[in-house]
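Participant: upload-v2.csv (CSV, C-alpha atoms and all ligand atoms) pasted underneath:
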```csv
chain,number,residue,atom,x,y,z
A,226,MET,CA,0.0,0.0,0.0
A,227,ASN,CA,1.4,3.4,-1.0
A,228,PRO,CA,2.2,5.4,2.2
A,229,TYR,CA,0.5,8.5,1.0
A,230,LEU,CA,-2.8,6.7,0.2
A,231,ASP,CA,-5.9,6.7,2.4
A,232,PRO,CA,-8.6,4.4,1.2
A,233,SER,CA,-11.8,4.8,3.3
A,234,PRO,CA,-12.5,1.7,5.4
A,235,GLU,CA,-15.4,0.8,3.1
A,236,VAL,CA,-13.3,1.1,0.0
A,237,ALA,CA,-10.4,-0.8,1.6
A,238,ALA,CA,-12.7,-3.7,2.6
A,239,ALA,CA,-14.3,-3.9,-0.9
A,240,LEU,CA,-10.9,-4.0,-2.6
A,241,SER,CA,-9.4,-6.6,-0.3
A,242,GLU,CA,-12.5,-8.8,-0.9
A,243,GLY,CA,-12.3,-8.3,-4.6
A,244,ARG,CA,-15.7,-6.5,-4.7
A,245,PRO,CA,-16.4,-3.9,-7.5
A,246,VAL,CA,-15.4,-0.3,-6.8
A,247,VAL,CA,-15.9,2.7,-9.0
A,248,ALA,CA,-13.6,5.8,-8.7
A,249,LEU,CA,-15.2,9.3,-9.1
A,250,GLU,CA,-13.4,12.6,-9.6
A,251,SER,CA,-13.6,15.7,-7.5
A,252,THR,CA,-12.8,18.6,-9.9
A,253,ILE,CA,-16.3,18.2,-11.2
A,254,ILE,CA,-17.5,18.9,-7.6
A,255,SER,CA,-15.3,21.9,-6.8
A,256,HIS,CA,-14.9,23.5,-10.2
A,257,GLY,CA,-17.5,22.0,-12.4
A,258,MET,CA,-20.8,22.8,-10.8
A,259,PRO,CA,-22.2,25.5,-8.5
A,260,TYR,CA,-22.9,24.8,-4.8
A,261,PRO,CA,-25.2,23.2,-3.8
A,262,ARG,CA,-26.0,21.3,-7.0
A,263,ASN,CA,-22.4,20.0,-7.0
A,264,VAL,CA,-22.8,18.3,-3.6
A,265,GLU,CA,-26.3,17.0,-4.4
A,266,THR,CA,-25.0,15.6,-7.7
A,267,ALA,CA,-21.9,14.0,-6.0
A,268,MET,CA,-24.1,12.3,-3.5
A,269,LYS,CA,-26.5,11.1,-6.2
A,270,VAL,CA,-23.7,9.7,-8.3
A,271,GLU,CA,-22.4,7.7,-5.3
A,272,ALA,CA,-26.0,6.4,-4.7
A,273,GLU,CA,-26.2,5.4,-8.3
A,274,VAL,CA,-23.0,3.4,-8.1
A,275,ARG,CA,-24.2,1.6,-5.0
A,276,ALA,CA,-27.6,0.9,-6.6
A,277,HIS,CA,-25.8,-0.9,-9.4
A,278,GLY,CA,-23.8,-3.1,-7.2
A,279,ALA,CA,-20.4,-1.3,-6.7
A,280,VAL,CA,-18.8,0.8,-4.0
A,281,PRO,CA,-18.1,4.4,-4.9
A,282,ALA,CA,-14.7,5.9,-4.2
A,283,THR,CA,-14.7,9.7,-4.7
A,284,ILE,CA,-11.1,10.7,-5.0
A,285,ALA,CA,-9.4,13.9,-3.8
A,286,VAL,CA,-6.3,15.2,-2.0
A,287,LEU,CA,-7.1,16.3,1.6
A,288,GLY,CA,-4.4,17.6,3.9
A,289,GLY,CA,-1.8,16.1,1.5
A,290,ARG,CA,-3.3,12.6,1.8
A,291,LEU,CA,-4.5,10.8,-1.4
A,292,LYS,CA,-8.1,9.9,-0.5
A,293,ALA,CA,-10.0,7.1,-2.2
A,294,GLY,CA,-13.5,7.2,-0.7
A,295,LEU,CA,-14.8,10.4,1.0
A,296,SER,CA,-17.3,11.0,3.8
A,297,PRO,CA,-20.4,13.1,3.0
A,298,ASP,CA,-18.8,15.9,5.1
A,299,GLN,CA,-15.6,15.8,3.0
A,300,ILE,CA,-17.7,16.0,-0.2
A,301,THR,CA,-19.7,18.9,1.2
A,302,GLY,CA,-16.4,20.7,2.1
A,303,LEU,CA,-15.1,20.3,-1.4
A,304,GLY,CA,-18.4,21.6,-2.9
A,305,LYS,CA,-18.5,24.6,-0.6
A,306,SER,CA,-14.9,25.6,-1.2
A,307,GLY,CA,-15.4,25.6,-4.9
A,308,LEU,CA,-12.6,27.4,-6.8
A,309,ALA,CA,-10.7,28.0,-3.5
A,310,VAL,CA,-9.6,24.3,-3.8
A,311,ALA,CA,-6.7,23.8,-6.1
A,312,LYS,CA,-7.3,21.9,-9.4
A,313,ALA,CA,-5.0,18.9,-9.1
A,314,SER,CA,-3.7,17.2,-12.1
A,315,ARG,CA,-0.5,14.9,-12.4
A,316,ARG,CA,2.0,17.8,-12.0
A,317,ASP,CA,0.2,19.1,-8.9
A,318,LEU,CA,0.3,16.0,-6.8
A,319,PRO,CA,3.9,16.3,-5.4
A,320,ARG,CA,3.3,19.9,-4.2
A,321,LEU,CA,-0.1,19.1,-2.6
A,322,VAL,CA,1.3,16.1,-0.8
A,323,ALA,CA,4.5,17.8,0.3
A,324,GLU,CA,2.6,20.9,1.6
A,325,ALA,CA,-0.2,18.8,3.2
A,326,ALA,CA,-2.7,20.8,1.0
A,327,ASP,CA,-6.1,20.0,-0.5
A,328,GLY,CA,-6.8,19.4,-4.2
A,329,ALA,CA,-9.8,18.5,-6.4
A,330,THR,CA,-8.6,15.8,-8.7
A,331,THR,CA,-8.9,16.0,-12.5
A,332,VAL,CA,-9.4,12.9,-14.6
A,333,ALA,CA,-5.6,12.5,-14.8
A,334,ALA,CA,-5.0,12.7,-11.1
A,335,THR,CA,-8.1,10.6,-10.3
A,336,MET,CA,-6.7,7.9,-12.6
A,337,ILE,CA,-3.3,8.0,-10.8
A,338,ILE,CA,-4.9,7.6,-7.3
A,339,ALA,CA,-7.4,5.0,-8.5
A,340,ALA,CA,-4.6,2.9,-9.9
A,341,LEU,CA,-2.5,3.3,-6.7
A,342,ALA,CA,-5.5,2.0,-4.8
A,343,GLY,CA,-6.2,-0.9,-7.2
A,344,ILE,CA,-9.4,0.6,-8.7
A,345,ARG,CA,-9.8,-0.2,-12.4
A,346,VAL,CA,-13.0,1.6,-13.3
A,347,PHE,CA,-13.7,5.3,-13.1
A,348,ALA,CA,-16.8,7.4,-14.0
A,349,THR,CA,-16.7,11.0,-14.9
A,350,GLY,CA,-18.5,13.6,-17.1
A,351,GLY,CA,-16.1,14.2,-19.9
A,352,ILE,CA,-12.4,13.8,-20.3
A,353,GLY,CA,-10.0,16.7,-21.2
A,354,GLY,CA,-8.4,16.6,-24.6
A,355,VAL,CA,-6.8,18.6,-27.4
A,356,HIS,CA,-8.0,22.2,-27.3
A,357,ARG,CA,-9.1,24.1,-30.4
A,358,GLY,CA,-6.1,26.1,-31.7
A,359,ALA,CA,-3.7,23.7,-30.0
A,360,GLU,CA,-1.3,24.0,-32.9
A,361,ARG,CA,-0.6,27.5,-31.5
A,362,SER,CA,-1.3,27.1,-27.8
A,363,TRP,CA,0.0,23.6,-27.3
A,364,ASP,CA,-2.9,23.1,-24.9
A,365,VAL,CA,-3.4,19.4,-24.6
A,366,SER,CA,-5.0,18.0,-21.4
A,367,ALA,CA,-2.8,15.9,-19.2
A,368,ASP,CA,-5.8,13.5,-19.2
A,369,LEU,CA,-4.7,12.2,-22.5
A,370,GLU,CA,-1.2,11.4,-21.4
A,371,GLU,CA,-2.6,9.7,-18.4
A,372,LEU,CA,-4.9,7.6,-20.5
A,373,ALA,CA,-1.8,6.6,-22.4
A,374,ARG,CA,0.0,5.3,-19.3
A,375,THR,CA,-2.3,4.4,-16.4
A,376,GLU,CA,-4.5,1.2,-16.3
A,377,VAL,CA,-7.9,2.5,-15.6
A,378,ALA,CA,-11.1,2.4,-17.8
A,379,VAL,CA,-12.7,5.8,-17.9
A,380,VAL,CA,-16.4,6.0,-18.5
A,381,CYS,CA,-17.4,9.4,-19.9
A,382,ALA,CA,-19.8,11.1,-22.3
A,383,GLY,CA,-16.9,11.7,-24.7
A,384,ALA,CA,-14.5,14.7,-24.5
A,385,LYS,CA,-15.8,18.1,-23.7
A,386,ALA,CA,-17.4,19.8,-26.7
A,387,ILE,CA,-15.3,22.9,-26.1
A,388,LEU,CA,-12.3,20.9,-27.4
A,389,ASP,CA,-11.2,19.8,-30.9
A,390,LEU,CA,-12.8,16.4,-30.8
A,391,GLY,CA,-11.2,15.2,-34.0
A,392,LEU,CA,-7.7,16.0,-32.8
A,393,THR,CA,-8.5,14.4,-29.4
A,394,LEU,CA,-9.4,11.1,-31.2
A,395,GLU,CA,-6.2,11.3,-33.2
A,396,TYR,CA,-4.1,11.8,-30.1
A,397,LEU,CA,-5.8,8.8,-28.4
A,398,GLU,CA,-5.1,6.7,-31.5
A,399,THR,CA,-1.5,7.6,-31.5
A,400,LYS,CA,-1.2,6.7,-27.8
A,401,GLY,CA,-2.9,3.3,-28.3
A,402,VAL,CA,-5.9,4.1,-26.2
A,403,PRO,CA,-9.0,2.2,-27.3
A,404,VAL,CA,-12.2,4.4,-27.5
A,405,ILE,CA,-15.2,2.1,-27.1
A,406,GLY,CA,-18.6,3.5,-28.0
A,407,TYR,CA,-21.2,2.1,-25.7
A,408,ARG,CA,-23.9,1.0,-28.2
A,409,THR,CA,-22.7,3.6,-30.7
A,410,LEU,CA,-20.1,4.0,-33.4
A,411,GLU,CA,-20.2,7.8,-33.1
A,412,PHE,CA,-18.0,9.7,-30.6
A,413,PRO,CA,-20.3,11.5,-28.3
A,414,ALA,CA,-19.7,15.3,-27.6
A,415,PHE,CA,-20.5,15.6,-23.9
A,416,TYR,CA,-23.7,17.8,-24.1
A,417,THR,CA,-24.8,16.1,-27.3
A,418,SER,CA,-25.1,12.4,-28.0
A,419,GLY,CA,-23.2,12.7,-31.3
A,420,SER,CA,-20.3,14.6,-32.9
A,421,GLY,CA,-20.3,13.3,-36.4
A,422,LEU,CA,-16.9,11.6,-35.7
A,423,ALA,CA,-16.7,7.8,-36.2
A,424,LEU,CA,-15.3,5.3,-33.7
A,425,GLU,CA,-13.6,2.1,-34.6
A,426,GLU,CA,-15.2,0.0,-31.9
A,427,ARG,CA,-18.5,-0.4,-30.0
A,428,ALA,CA,-19.7,-2.7,-27.3
A,429,GLU,CA,-23.2,-3.8,-26.6
A,430,ASP,CA,-22.9,-4.5,-22.9
A,431,ALA,CA,-20.7,-4.0,-19.8
A,432,ALA,CA,-19.4,-7.5,-20.0
A,433,GLY,CA,-17.9,-6.9,-23.4
A,434,ILE,CA,-16.1,-3.8,-22.1
A,435,ALA,CA,-14.8,-5.6,-19.1
A,436,ARG,CA,-13.4,-8.3,-21.3
A,437,ARG,CA,-11.6,-5.8,-23.5
A,438,ALA,CA,-10.1,-4.1,-20.5
A,439,LYS,CA,-8.8,-7.4,-19.1
A,440,ALA,CA,-7.4,-8.3,-22.5
A,441,LYS,CA,-5.5,-5.0,-22.7
A,442,TRP,CA,-4.0,-5.3,-19.3
A,443,ASP,CA,-3.3,-9.1,-19.5
A,444,LEU,CA,-1.4,-8.4,-22.8
A,445,GLY,CA,0.8,-6.0,-20.9
A,446,LEU,CA,-0.2,-3.1,-23.1
A,447,GLY,CA,-0.8,-0.9,-20.0
A,448,GLY,CA,-2.6,2.4,-20.2
A,449,GLY,CA,-6.3,3.3,-20.1
A,450,ILE,CA,-9.5,2.8,-22.0
A,451,VAL,CA,-12.1,5.4,-22.9
A,452,VAL,CA,-15.7,4.1,-22.7
A,453,ALA,CA,-17.7,6.7,-24.6
A,454,ASN,CA,-21.3,6.7,-23.3
A,455,PRO,CA,-23.6,9.2,-25.0
A,456,VAL,CA,-25.8,11.5,-22.9
A,457,PRO,CA,-29.3,10.1,-22.8
A,458,GLU,CA,-31.3,11.4,-25.8
A,459,GLU,CA,-33.8,13.3,-23.6
A,460,PHE,CA,-30.9,15.3,-22.1
A,461,SER,CA,-28.9,15.8,-25.3
A,462,MET,CA,-28.8,19.5,-26.1
A,463,GLU,CA,-29.6,21.0,-29.5
A,464,ARG,CA,-26.3,20.9,-31.5
A,465,VAL,CA,-26.6,24.4,-33.0
A,466,ALA,CA,-27.4,26.1,-29.6
A,467,ILE,CA,-24.5,24.5,-27.8
A,468,GLY,CA,-22.2,25.2,-30.8
A,469,THR,CA,-23.1,28.9,-30.7
A,470,ALA,CA,-22.5,29.1,-26.9
A,471,ILE,CA,-19.2,27.4,-27.3
A,472,GLU,CA,-18.1,29.8,-30.0
A,473,ALA,CA,-19.0,32.7,-27.8
A,474,ALA,CA,-17.3,31.2,-24.8
A,475,LEU,CA,-14.1,30.7,-26.8
A,476,ALA,CA,-14.1,34.3,-28.1
A,477,GLU,CA,-14.5,35.6,-24.5
A,478,ALA,CA,-11.7,33.4,-23.2
A,479,ALA,CA,-9.4,34.6,-25.9
A,480,ALA,CA,-10.3,38.2,-25.3
A,481,ALA,CA,-9.8,37.8,-21.5
A,482,GLY,CA,-6.4,36.0,-22.1
A,483,VAL,CA,-7.4,32.9,-20.1
A,484,ARG,CA,-4.6,30.4,-20.2
A,485,GLY,CA,-3.3,27.1,-18.8
A,486,LYS,CA,-5.4,25.2,-16.3
A,487,ASP,CA,-8.0,27.9,-16.1
A,488,VAL,CA,-9.1,27.4,-19.7
A,489,THR,CA,-11.4,24.4,-19.2
A,490,PRO,CA,-13.3,25.6,-16.1
A,491,TYR,CA,-13.6,29.1,-17.7
A,492,LEU,CA,-15.1,27.8,-20.9
A,493,LEU,CA,-17.5,25.4,-19.1
A,494,ALA,CA,-18.7,28.1,-16.8
A,495,LYS,CA,-19.3,30.5,-19.7
A,496,VAL,CA,-21.2,27.8,-21.6
A,497,LYS,CA,-23.4,27.2,-18.6
A,498,GLU,CA,-24.1,30.9,-18.3
A,499,LEU,CA,-24.9,31.2,-22.0
A,500,THR,CA,-27.3,28.3,-22.1
A,501,ALA,CA,-29.2,29.5,-19.1
A,502,GLY,CA,-28.2,26.4,-17.1
A,503,GLU,CA,-29.5,23.9,-19.6
A,504,SER,CA,-26.0,22.6,-20.0
A,505,LEU,CA,-25.8,22.0,-16.2
A,506,GLU,CA,-28.9,19.7,-16.4
A,507,SER,CA,-27.4,17.7,-19.3
A,508,ASN,CA,-24.1,17.6,-17.4
A,509,ILE,CA,-25.8,16.1,-14.3
A,510,ALA,CA,-27.8,13.6,-16.3
A,511,LEU,CA,-24.8,12.3,-18.2
A,512,VAL,CA,-22.7,11.9,-15.1
A,513,LEU,CA,-25.4,9.8,-13.5
A,514,ASN,CA,-25.7,7.8,-16.7
A,515,ASN,CA,-21.9,7.2,-16.6
A,516,ALA,CA,-22.0,6.1,-13.0
A,517,ARG,CA,-24.5,3.4,-13.8
A,518,LEU,CA,-22.5,2.0,-16.7
A,519,ALA,CA,-19.2,2.2,-14.7
A,520,ALA,CA,-20.8,0.2,-11.9
A,521,ALA,CA,-22.0,-2.5,-14.3
A,522,ILE,CA,-18.5,-2.7,-15.9
A,523,ALA,CA,-16.8,-2.9,-12.4
A,524,VAL,CA,-19.2,-5.7,-11.5
A,525,GLU,CA,-18.4,-7.6,-14.7
A,526,TYR,CA,-14.7,-7.0,-14.3
A,527,SER,CA,-14.7,-8.4,-10.8
A,528,ARG,CA,-16.1,-11.7,-12.2
A,529,LEU,CA,-13.4,-12.2,-14.7
A,601,LIG,N1,-15.7,19.2,-15.5
A,601,LIG,C1,-16.0,20.5,-15.2
A,601,LIG,N2,-14.9,21.3,-15.0
A,601,LIG,C2,-13.6,20.9,-15.0
A,601,LIG,C3,-13.4,19.5,-15.3
A,601,LIG,C4,-14.5,18.8,-15.5
A,601,LIG,O1,-17.1,20.9,-15.3
A,601,LIG,O2,-12.7,21.7,-14.8
A,601,LIG,C5,-12.0,19.0,-15.3
A,601,LIG,C6,-11.9,17.5,-15.4
A,601,LIG,O3,-11.5,17.1,-14.2
A,601,LIG,C7,-10.9,17.3,-16.5
A,601,LIG,C8,-10.2,18.6,-16.5
A,601,LIG,O4,-10.1,16.2,-16.1
A,601,LIG,O5,-11.2,19.5,-16.4
A,601,LIG,C9,-9.4,18.8,-17.7
A,601,LIG,O6,-8.7,20.0,-17.5
A,601,LIG,P1,-7.5,20.4,-18.4
A,601,LIG,O7,-8.1,20.7,-19.8
A,601,LIG,O8,-6.9,21.6,-17.8
A,601,LIG,O9,-6.5,19.3,-18.4
A,602,MN,MN,-4.8,22.6,-20.6
```
So, in terms of structure tokens, how does the structure I just supplied come out?
Ligand code: PSU
Ligand code: MN
Facilitator:
Amino acid sequence: MNPYLDPSPEVAAALSEGRPVVALESTIISHGMPYPRNVETAMKVEAEVRAHGAVPATIAVLGGRLKAGLSPDQITGLGKSGLAVAKASRRDLPRLVAEAADGATTVAATMIIAALAGIRVFATGGIGGVHRGAERSWDVSADLEELARTEVAVVCAGAKAILDLGLTLEYLETKGVPVIGYRTLEFPAFYTSGSGLALEERAEDAAGIARRAKAKWDLGLGGGIVVANPVPEEFSMERVAIGTAIEAALAEAAAAGVRGKDVTPYLLAKVKELTAGESLESNIALVLNNARLAAAIAVEYSRL
């Protein structure tokens, strides 16, 4: 057991007995949604994982400890602190640990801590990716490098639509990361169920996904898997409306000179503002949908 890691008693017991566990990220709580919807959603996501037969492990850095499994009070604390909590990706973990600080973990950092704990399945909203204009800004999310190296299956509703989704898929292909469409051969675009971009593989059920994950890791190929689970149709936004909001958000971000790790939260907050909160509802629905599928995959994986 890594000396910096603190699995909760419930998560530790489940892992030692080989029971299914699903990792959940915390940036989405602190930076991704307003209080109190963020805390309500985090609790609902945990309940959804439990209802589908797995133990939830919400991941964060608290007082420099790598936490896998948070108490309701700890989740509430992260939700209330919001942007006051550091956004923690791979590069930030050494500082937060050494300084005994708090951090809300991105997809990348959540994958790292999940893998340290022995958790193989993780549910989130959308992964980070290659930003539009990356040929000039070089802004490529550390989430993609993490998917290249860390053995966790990440269930998401695709990559965030604020990104260049085509380049994001190219990057994943280069890095040997399978992108499995769940009952679809079209890459979902977070707020919308489709992007117009084709995938190479689909799976019809959780068992098929679990078998592919096992095959990848048994083969020694390492790295992660993206499970692309489209937002349910009734919560899928209108493509033109979301596209217009994204264009406006990108223009405002450029005018304001937003850079680095602030780009993603800035764009998502602007999109939410511009869509009068409709994007928040679709965000919540897709996270719950991902929690259900991730639990089912974890259950199947634990049987292999
Ligand atoms: N969802 C949100 N806001 C966020 C994120 C998700 O509503 O900030 C985070 C995720 O944790 C994702 C990260 O891993 O954004 C990617 O950020 P970057 O592009 O800086 O790597
Ligand atoms: Mn970035």
Participant: Dump the neighbourhood of ligand LIG 601 (chain A) as a ChimeraX atom specification: all residues within 7 Å, distances computed on only C-alpha atoms and all ligand atoms.
Facilitator: /A:250,252-253,256-258,330-333,350-354,365-368,485-490,493
Participant: Residues of the last selection are to be written out with C-alpha atoms, as a CSV table (one decimal), in the coordinates of the input.
Facilitator:
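As a result, again06.csv now contains:
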```
chain,number,residue,atom,x,y,z
A,250,GLU,CA,-13.4,12.6,-9.6
A,252,THR,CA,-12.8,18.6,-9.9
A,253,ILE,CA,-16.3,18.2,-11.2
A,256,HIS,CA,-14.9,23.5,-10.2
A,257,GLY,CA,-17.5,22.0,-12.4
A,258,MET,CA,-20.8,22.8,-10.8
A,330,THR,CA,-8.6,15.8,-8.7
A,331,THR,CA,-8.9,16.0,-12.5
A,332,VAL,CA,-9.4,12.9,-14.6
A,333,ALA,CA,-5.6,12.5,-14.8
A,350,GLY,CA,-18.5,13.6,-17.1
A,351,GLY,CA,-16.1,14.2,-19.9
A,352,ILE,CA,-12.4,13.8,-20.3
A,353,GLY,CA,-10.0,16.7,-21.2
A,354,GLY,CA,-8.4,16.6,-24.6
A,365,VAL,CA,-3.4,19.4,-24.6
A,366,SER,CA,-5.0,18.0,-21.4
A,367,ALA,CA,-2.8,15.9,-19.2
A,368,ASP,CA,-5.8,13.5,-19.2
A,485,GLY,CA,-3.3,27.1,-18.8
A,486,LYS,CA,-5.4,25.2,-16.3
A,487,ASP,CA,-8.0,27.9,-16.1
A,488,VAL,CA,-9.1,27.4,-19.7
A,489,THR,CA,-11.4,24.4,-19.2
A,490,PRO,CA,-13.3,25.6,-16.1
A,493,LEU,CA,-17.5,25.4,-19.1
```
Participant: Would you write out, as JSON lines, a table of all residues in stretch 336-363 of chain A that have an atom no more than 12 Å from an atom of stretch 469-483 of chain A, listing for each the closest atom pair and the distance in Å to one decimal, considering all atoms listed in the file and ordering rows by chain and rising residue number?
Facilitator:
```
{"residue": "A:His356", "atom": "CA", "partner": "A:Leu475", "partner_atom": "CA", "distance": 10.5}
{"residue": "A:Arg357", "atom": "CA", "partner": "A:Leu475", "partner_atom": "CA", "distance": 9.0}
{"residue": "A:Gly358", "atom": "CA", "partner": "A:Leu475", "partner_atom": "CA", "distance": 10.4}
{"residue": "A:Ser362", "atom": "CA", "partner": "A:Ala479", "partner_atom": "CA", "distance": 11.2}
```
Participant: For atom CA of A:Leu372 and atom CA of A:Ser420, determine how far apart the two atoms are, in Å to one decimal place.
Facilitator: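 Computing the Euclidean distance for atom CA of A:Leu372 and atom CA of A:Ser420 yields 21.0 Å.
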Participant: If you measure from atom CA of A:Ala382 to atom CA of A:Phe460, what distance in Å do you get, rounded to one decimal?
Facilitator: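 According to the coordinates, atom CA of A:Ala382 and atom CA of A:Phe460 are separated by 11.9 Å.
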Participant: Counting only C-alpha atoms, which residue out of A:Met268, A:Val380, A:Ala325, A:Leu410 sits closest to A:Gly449?
Facilitator: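 The shortest atom-to-atom distance to A:Gly449 comes from A:Val380.
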Participant: If I take atom CA of A:Arg345 and atom CA of A:Ile509, how far is one from the other in Å, to one decimal?
Facilitator: 22.9 Å
Participant: When you look at A:Pro281 with a cut-off of 6 Å (counting all atoms listed in the file), what residues show up, excluding the ones that are within fewer than 2 positions of it in the same chain? I need them as a list in words.
Facilitator: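 Near A:Pro281, the qualifying residues are Val246, Val247, Glu271 and Val274 of chain A.
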Participant: Nearest to ligand MN 602 (chain A): which of A:Lys385, A:Arg437, A:Arg484, A:Arg275 is it, counting only C-alpha atoms and all ligand atoms?
Facilitator: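 Nearest candidate to ligand MN 602 (chain A) out of A:Lys385, A:Arg437, A:Arg484, A:Arg275: A:Arg484.
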Participant: Out of A:Trp442, A:Phe347, A:Tyr491, A:Tyr526, which residue has the shortest atom-to-atom distance to ligand MN 602 (chain A) when counting all atoms listed in the file?
Facilitator: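 Between A:Trp442, A:Phe347, A:Tyr491, A:Tyr526, the residue approaching ligand MN 602 (chain A) most closely is A:Tyr491.
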Participant: Measuring atom to atom with all atoms listed in the file, identify which of A:Ser255, A:His277, A:Ile338, A:Ala313 is nearest to A:Thr301.
Facilitator: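 When distances to A:Thr301 are compared using all atoms listed in the file, the smallest one comes from A:Ser255.
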Participant: Pick out the residues sitting within 8 Å of A:Gly304, and hand them over as JSON, numbers by chain; count all atoms listed in the file, and ignore anything fewer than 3 positions along from it in its own chain.
Facilitator: {"A": [254, 255, 259, 260, 261, 263, 264, 300, 301, 307]}
Participant: Just write the chosen residues, C-alpha atoms, as a compact mmCIF listing (two decimals), in the frame of the given file.
Facilitator:
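The new file part.txt reads:
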```
# COMPACT_ATOMS: atom_id res chain seq x y z
CA ILE A 254 -17.50 18.90 -7.60
CA SER A 255 -15.30 21.90 -6.80
CA PRO A 259 -22.20 25.50 -8.50
CA TYR A 260 -22.90 24.80 -4.80
CA PRO A 261 -25.20 23.20 -3.80
CA ASN A 263 -22.40 20.00 -7.00
CA VAL A 264 -22.80 18.30 -3.60
CA ILE A 300 -17.70 16.00 -0.20
CA THR A 301 -19.70 18.90 1.20
CA GLY A 307 -15.40 25.60 -4.90
```
Participant: Taking (-14.8, 7.9, -1.1) as a centre in this file's frame and 12 Å as the limit, can you find every polymer residue with an atom that close, using only C-alpha atoms, and give them as JSON, numbers by chain?
Facilitator: {"A": [231, 232, 233, 234, 235, 236, 237, 239, 246, 247, 248, 249, 250, 251, 267, 268, 270, 271, 272, 274, 275, 280, 281, 282, 283, 284, 285, 286, 287, 291, 292, 293, 294, 295, 296, 297, 298, 299, 300, 335, 338, 339, 342, 344]}
Participant: With C-alpha atoms retained, write the just-selected residues as a PDB file, keeping the file's coordinate frame.
Facilitator:
```
ATOM      1  CA  ASP A 231      -5.900   6.700   2.400  1.00  0.00           C
ATOM      2  CA  PRO A 232      -8.600   4.400   1.200  1.00  0.00           C
ATOM      3  CA  SER A 233     -11.800   4.800   3.300  1.00  0.00           C
ATOM      4  CA  PRO A 234     -12.500   1.700   5.400  1.00  0.00           C
ATOM      5  CA  GLU A 235     -15.400   0.800   3.100  1.00  0.00           C
ATOM      6  CA  VAL A 236     -13.300   1.100   0.000  1.00  0.00           C
ATOM      7  CA  ALA A 237     -10.400  -0.800   1.600  1.00  0.00           C
ATOM      8  CA  ALA A 239     -14.300  -3.900  -0.900  1.00  0.00           C
ATOM      9  CA  VAL A 246     -15.400  -0.300  -6.800  1.00  0.00           C
ATOM     10  CA  VAL A 247     -15.900   2.700  -9.000  1.00  0.00           C
ATOM     11  CA  ALA A 248     -13.600   5.800  -8.700  1.00  0.00           C
ATOM     12  CA  LEU A 249     -15.200   9.300  -9.100  1.00  0.00           C
ATOM     13  CA  GLU A 250     -13.400  12.600  -9.600  1.00  0.00           C
ATOM     14  CA  SER A 251     -13.600  15.700  -7.500  1.00  0.00           C
ATOM     15  CA  ALA A 267     -21.900  14.000  -6.000  1.00  0.00           C
ATOM     16  CA  MET A 268     -24.100  12.300  -3.500  1.00  0.00           C
ATOM     17  CA  VAL A 270     -23.700   9.700  -8.300  1.00  0.00           C
ATOM     18  CA  GLU A 271     -22.400   7.700  -5.300  1.00  0.00           C
ATOM     19  CA  ALA A 272     -26.000   6.400  -4.700  1.00  0.00           C
ATOM     20  CA  VAL A 274     -23.000   3.400  -8.100  1.00  0.00           C
ATOM     21  CA  ARG A 275     -24.200   1.600  -5.000  1.00  0.00           C
ATOM     22  CA  VAL A 280     -18.800   0.800  -4.000  1.00  0.00           C
ATOM     23  CA  PRO A 281     -18.100   4.400  -4.900  1.00  0.00           C
ATOM     24  CA  ALA A 282     -14.700   5.900  -4.200  1.00  0.00           C
ATOM     25  CA  THR A 283     -14.700   9.700  -4.700  1.00  0.00           C
ATOM     26  CA  ILE A 284     -11.100  10.700  -5.000  1.00  0.00           C
ATOM     27  CA  ALA A 285      -9.400  13.900  -3.800  1.00  0.00           C
ATOM     28  CA  VAL A 286      -6.300  15.200  -2.000  1.00  0.00           C
ATOM     29  CA  LEU A 287      -7.100  16.300   1.600  1.00  0.00           C
ATOM     30  CA  LEU A 291      -4.500  10.800  -1.400  1.00  0.00           C
ATOM     31  CA  LYS A 292      -8.100   9.900  -0.500  1.00  0.00           C
ATOM     32  CA  ALA A 293     -10.000   7.100  -2.200  1.00  0.00           C
ATOM     33  CA  GLY A 294     -13.500   7.200  -0.700  1.00  0.00           C
ATOM     34  CA  LEU A 295     -14.800  10.400   1.000  1.00  0.00           C
ATOM     35  CA  SER A 296     -17.300  11.000   3.800  1.00  0.00           C
ATOM     36  CA  PRO A 297     -20.400  13.100   3.000  1.00  0.00           C
ATOM     37  CA  ASP A 298     -18.800  15.900   5.100  1.00  0.00           C
ATOM     38  CA  GLN A 299     -15.600  15.800   3.000  1.00  0.00           C
ATOM     39  CA  ILE A 300     -17.700  16.000  -0.200  1.00  0.00           C
ATOM     40  CA  THR A 335      -8.100  10.600 -10.300  1.00  0.00           C
ATOM     41  CA  ILE A 338      -4.900   7.600  -7.300  1.00  0.00           C
ATOM     42  CA  ALA A 339      -7.400   5.000  -8.500  1.00  0.00           C
ATOM     43  CA  ALA A 342      -5.500   2.000  -4.800  1.00  0.00           C
ATOM     44  CA  ILE A 344      -9.400   0.600  -8.700  1.00  0.00           C
TER      45      ILE A 344
END
```
Participant: Which one is closest to A:Phe415: A:Asp364, A:Asp443, A:Glu506, A:Glu429? Count all atoms listed in the file.
Facilitator: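 Closest residue, counting all atoms listed in the file: A:Glu506.
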Participant: Pick out the closest residue to A:Val456 from this set: A:Thr500, A:Thr399, A:Asn508, A:Ser241. Count all atoms listed in the file.
Facilitator: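 Looking only at the distances to A:Val456, the closest residue turns out to be A:Asn508.
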Participant: Would you kindly return, as a PyMOL selection string, each protein, DNA or RNA residue with an atom no farther than 12 Å from any atom of A:Ala326, considering all atoms listed in the file and excluding same-chain residues fewer than 4 positions away?
Facilitator: chain A and resi 285-291+309-313+317-322
Participant: Residues within 12 Å of A:Pro457, please, as an NGL selection string. Count only C-alpha atoms; anything in the same chain fewer than 6 positions from it doesn't count.
Facilitator: :A and (382 or 407-408 or 413-419 or 506-515)
